[in-house]
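For reference, work_8.pdb is printed below; it contains PDB, C-alpha atoms.
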MODEL        1
ATOM      1  CA  GLN A   1     -12.210  20.898   3.144
ATOM      2  CA  VAL A   2     -11.767  19.245  -0.226
ATOM      3  CA  GLN A   3      -8.139  18.727  -1.120
ATOM      4  CA  LEU A   4      -6.592  17.147  -4.207
ATOM      5  CA  VAL A   5      -2.843  16.626  -4.380
ATOM      6  CA  GLU A   6      -1.191  15.421  -7.573
ATOM      7  CA  SER A   7       2.234  13.817  -7.703
ATOM      8  CA  GLY A   8       4.383  11.703  -9.971
ATOM      9  CA  GLY A   9       5.224  14.173 -12.693
ATOM     10  CA  GLY A  10       8.704  14.627 -14.041
ATOM     11  CA  LEU A  11      10.972  14.544 -17.059
ATOM     12  CA  VAL A  12      10.654  11.551 -19.360
ATOM     13  CA  HIS A  13      11.915  10.667 -22.820
ATOM     14  CA  VAL A  14       9.657  10.254 -25.826
ATOM     15  CA  GLY A  15       8.157   6.787 -25.703
ATOM     16  CA  GLY A  16       8.580   6.535 -21.964
ATOM     17  CA  SER A  17       6.047   6.093 -19.179
ATOM     18  CA  LEU A  18       4.948   7.864 -16.023
ATOM     19  CA  ARG A  19       2.290   7.223 -13.431
ATOM     20  CA  LEU A  20       0.569  10.182 -11.852
ATOM     21  CA  SER A  21      -1.287  10.032  -8.557
ATOM     22  CA  CYS A  22      -4.025  12.201  -7.112
ATOM     23  CA  ALA A  23      -4.593  11.908  -3.373
ATOM     24  CA  ALA A  24      -8.023  13.126  -2.302
ATOM     25  CA  SER A  25      -9.412  14.171   1.064
ATOM     26  CA  GLY A  26     -12.300  16.129   2.532
ATOM     27  CA  PHE A  27     -15.083  14.301   0.706
ATOM     28  CA  THR A  28     -16.367  10.770   0.196
ATOM     29  CA  PHE A  29     -14.008   9.805  -2.591
ATOM     30  CA  SER A  30     -15.785   6.588  -3.526
ATOM     31  CA  ASN A  31     -18.989   8.493  -4.334
ATOM     32  CA  TYR A  32     -17.591  10.619  -7.156
ATOM     33  CA  ALA A  33     -16.291  10.306 -10.653
ATOM     34  CA  MET A  34     -12.884  11.896 -11.060
ATOM     35  CA  ASN A  35     -11.236  13.636 -13.978
ATOM     36  CA  TRP A  36      -7.756  14.306 -15.267
ATOM     37  CA  TYR A  37      -7.069  17.519 -17.180
ATOM     38  CA  ARG A  38      -3.907  19.018 -18.566
ATOM     39  CA  GLN A  39      -2.678  22.422 -19.665
ATOM     40  CA  ALA A  40       0.197  22.850 -22.055
ATOM     41  CA  PRO A  41       2.156  26.123 -22.281
ATOM     42  CA  GLY A  42       0.148  28.743 -24.120
ATOM     43  CA  LYS A  43      -2.901  26.526 -24.429
ATOM     44  CA  GLU A  44      -6.189  26.180 -22.635
ATOM     45  CA  ARG A  45      -6.755  23.465 -20.087
ATOM     46  CA  GLU A  46      -8.117  20.332 -21.746
ATOM     47  CA  TRP A  47      -9.889  17.298 -20.435
ATOM     48  CA  VAL A  48      -7.889  14.058 -20.567
ATOM     49  CA  ALA A  49      -9.817  11.293 -18.821
ATOM     50  CA  ILE A  50     -12.682  10.454 -16.527
ATOM     51  CA  ILE A  51     -13.139   7.451 -14.262
ATOM     52  CA  THR A  52     -16.400   6.497 -12.609
ATOM     53  CA  SER A  53     -16.829   6.382  -8.853
ATOM     54  CA  SER A  54     -16.361   2.615  -8.706
ATOM     55  CA  GLY A  55     -13.511   2.637 -11.195
ATOM     56  CA  GLY A  56     -15.401   0.265 -13.420
ATOM     57  CA  ASN A  57     -15.548   2.567 -16.399
ATOM     58  CA  SER A  58     -13.353   5.254 -17.884
ATOM     59  CA  ASN A  59     -13.247   7.429 -20.955
ATOM     60  CA  TYR A  60     -10.447   9.309 -22.660
ATOM     61  CA  ALA A  61      -9.712  12.147 -24.984
ATOM     62  CA  ASP A  62      -8.887  10.936 -28.471
ATOM     63  CA  SER A  63      -5.368  12.326 -28.136
ATOM     64  CA  VAL A  64      -4.515   9.889 -25.312
ATOM     65  CA  LYS A  65      -6.802   6.941 -26.019
ATOM     66  CA  GLY A  66      -4.892   3.671 -26.071
ATOM     67  CA  ARG A  67      -1.870   5.213 -24.305
ATOM     68  CA  PHE A  68      -3.246   6.492 -20.988
ATOM     69  CA  THR A  69      -5.165   4.514 -18.378
ATOM     70  CA  ALA A  70      -7.002   5.977 -15.405
ATOM     71  CA  SER A  71      -7.533   3.885 -12.300
ATOM     72  CA  ARG A  72      -8.409   4.431  -8.673
ATOM     73  CA  ASP A  73      -8.077   2.834  -5.264
ATOM     74  CA  ASN A  74     -11.077   3.869  -3.201
ATOM     75  CA  GLY A  75      -9.529   2.332  -0.117
ATOM     76  CA  LYS A  76      -6.629   4.760  -0.430
ATOM     77  CA  ASN A  77      -8.681   7.714  -1.720
ATOM     78  CA  THR A  78      -6.286   7.926  -4.639
ATOM     79  CA  MET A  79      -6.650   8.119  -8.402
ATOM     80  CA  TYR A  80      -3.926   7.291 -10.897
ATOM     81  CA  LEU A  81      -3.073   8.040 -14.495
ATOM     82  CA  GLN A  82      -0.744   5.583 -16.177
ATOM     83  CA  MET A  83       0.798   7.276 -19.191
ATOM     84  CA  ASN A  84       2.607   5.155 -21.752
ATOM     85  CA  SER A  85       4.165   5.892 -25.129
ATOM     86  CA  LEU A  86       4.542   9.521 -24.179
ATOM     87  CA  LYS A  87       4.859  12.115 -26.922
ATOM     88  CA  PHE A  88       6.254  15.647 -27.001
ATOM     89  CA  GLU A  89       2.696  16.956 -27.134
ATOM     90  CA  ASP A  90       1.896  15.326 -23.803
ATOM     91  CA  THR A  91       4.073  17.928 -22.098
ATOM     92  CA  ALA A  92       1.766  19.828 -19.752
ATOM     93  CA  VAL A  93       0.742  20.417 -16.189
ATOM     94  CA  TYR A  94      -1.648  17.654 -15.212
ATOM     95  CA  TYR A  95      -4.521  18.304 -12.818
ATOM     96  CA  CYS A  96      -7.066  16.128 -11.102
ATOM     97  CA  ASN A  97     -10.585  17.403 -10.745
ATOM     98  CA  VAL A  98     -13.774  16.519  -8.969
ATOM     99  CA  GLN A  99     -17.233  18.028  -9.286
ATOM    100  CA  ILE A 100     -19.187  17.663  -6.065
ATOM    101  CA  TRP A 101     -22.916  18.128  -6.267
ATOM    102  CA  ARG A 102     -24.141  21.287  -4.536
ATOM    103  CA  THR A 103     -20.620  22.115  -3.434
ATOM    104  CA  GLY A 104     -18.522  22.969  -6.426
ATOM    105  CA  THR A 105     -15.645  22.008  -8.669
ATOM    106  CA  TYR A 106     -12.232  21.374  -7.183
ATOM    107  CA  TRP A 107      -8.734  21.210  -8.632
ATOM    108  CA  GLY A 108      -5.380  20.094  -7.402
ATOM    109  CA  GLN A 109      -2.255  22.213  -7.733
ATOM    110  CA  GLY A 110      -1.029  20.229 -10.718
ATOM    111  CA  THR A 111       2.068  18.206 -11.511
ATOM    112  CA  GLN A 112       4.414  18.982 -14.396
ATOM    113  CA  VAL A 113       5.074  16.371 -17.054
ATOM    114  CA  THR A 114       7.816  17.145 -19.538
ATOM    115  CA  VAL A 115       8.536  14.855 -22.469
ATOM    116  CA  SER A 116      11.903  15.331 -24.133
ATOM    117  CA  SER A 117      13.977  13.701 -26.819
TER     118      SER A 117
ENDMDL
END
Any chance you could put this one into structure tokens?
Amino acid sequence: QVQLVESGGGLVHVGGSLRLSCAASGFTFSNYAMNWYRQAPGKEREWVAIITSSGGNSNYADSVKGRFTASRDNGKNTMYLQMNSLKFEDTAVYYCNVQIWRTGTYWGQGTQVTVSS
């Protein structure tokens, strides 16, 4: 079955960096675009980034553009989110997501990112 497992979250100071990982299994990873979402306390889940199946193209929410970079290693079935210049408002649970044609939409369990002073 499809499984997505995020890791790499933690506590970081304002201006710091973190790299999140999303390990995928149960589907042909290299065939699908992948997304990152996040959900801050008391807010709805919001889309953060998308990366194409080959990793050749990506797009970002305006709130993270220029600070976050999505990448993937199709040989390792893993997607990454490099987060730099972190701000208080980046505090959230971060999720990876894949939409598989004729099968459904899948989410990981999330990884907490907390940005503090």
Q.
For a test of reading the model, state the distance in Å between atom CA of A:Ser63 and atom CA of A:Trp101, rounded to one decimal.
A.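 Pair atom CA of A:Ser63 / atom CA of A:Trp101 returns 28.6 Å.
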**Q.** Target residues per the PyMOL selection byres ((chain A and resi 84) around 12), formatted as number ranges by chain
**A.** A: 12-20, 64-70, 81-83, 85-87, 90, 115
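Here atom CA of A:Glu44 and atom CA of A:Ser58 stand 22.6 Å from one another.
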Q. So what do you get for atom CA of A:Tyr60 versus atom CA of A:Ser25, distance-wise?
A. 24.2 Å
Q.
Which residues would end up in the selection if the PyMOL selection byres ((chain A and resi 52-54) around 7) were applied here, given that I need the answer as a list of chain:residue names?
A.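 Residues picked by the PyMOL selection byres ((chain A and resi 52-54) around 7): A:Ser30, A:Asn31, A:Tyr32, A:Ala33, A:Met34, A:Ile50, A:Ile51, A:Gly55, A:Gly56, A:Asn57, A:Ser58.
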Q | Expansion of the PyMOL selection byres ((chain A and resi 45-49) around 6) into residues, as a ChimeraX atom specification | A | /A:35-39,44,50,59-61
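Minimum atom-to-atom distances from A:Ala23, A:Val98, A:Leu11, A:Ala40 to A:Ser116 were compared using all atoms listed in the file, and the lowest value belongs to A:Leu11.
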(Q) With 8 Å as the threshold, what does the neighbourhood of (-4.6, 17.5, -12.4) contain in terms of residues, counting all atoms listed in the file? Coordinates are those of the file; answer as a list in words. (A) Glu6, Cys22, Asn35, Trp36, Tyr37, Arg38, Val93, Tyr94, Tyr95, Cys96, Asn97, Trp107, Gly108, Gln109, Gly110 and Thr111 of chain A
Could you write those residues out with C-alpha atoms, as a short mmCIF file (atom, residue, chain, number, x, y, z; two decimals), in the frame of the given file?
data_model
loop_
_atom_site.label_atom_id
_atom_site.label_comp_id
_atom_site.auth_asym_id
_atom_site.auth_seq_id
_atom_site.Cartn_x
_atom_site.Cartn_y
_atom_site.Cartn_z
CA GLU A 6 -1.19 15.42 -7.57
CA CYS A 22 -4.03 12.20 -7.11
CA ASN A 35 -11.24 13.64 -13.98
CA TRP A 36 -7.76 14.31 -15.27
CA TYR A 37 -7.07 17.52 -17.18
CA ARG A 38 -3.91 19.02 -18.57
CA VAL A 93 0.74 20.42 -16.19
CA TYR A 94 -1.65 17.65 -15.21
CA TYR A 95 -4.52 18.30 -12.82
CA CYS A 96 -7.07 16.13 -11.10
CA ASN A 97 -10.58 17.40 -10.74
CA TRP A 107 -8.73 21.21 -8.63
CA GLY A 108 -5.38 20.09 -7.40
CA GLN A 109 -2.26 22.21 -7.73
CA GLY A 110 -1.03 20.23 -10.72
CA THR A 111 2.07 18.21 -11.51
#
Produce the centre coordinates and the three edge lengths, each in Å to one decimal, of the box along x, y and z that contains all listed atoms of stretch 7-19 of chain A with 5 Å added on each side, as AutoDock Vina command-line options.
--center_x 7.1 --center_y 10.4 --center_z -16.8 --size_x 19.7 --size_y 18.5 --size_z 28.1
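Distance check against A:Val113 using all atoms listed in the file: of A:Phe88, A:Phe29, A:Val5, A:Ala24, the minimum falls on A:Phe88.
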Q. Pick from A:Ser117, A:Ser71, A:Gln112, A:Thr28: nearest to A:Gln99, with all atoms listed in the file counted?
A. A:Thr28
Q: Could you check which of A:Gly26, A:Gly104, A:Gly75, A:Gly9 is closest to A:Ala92, using all atoms listed in the file?
A: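 Counting all atoms listed in the file, the residue closest to A:Ala92 is A:Gly9.
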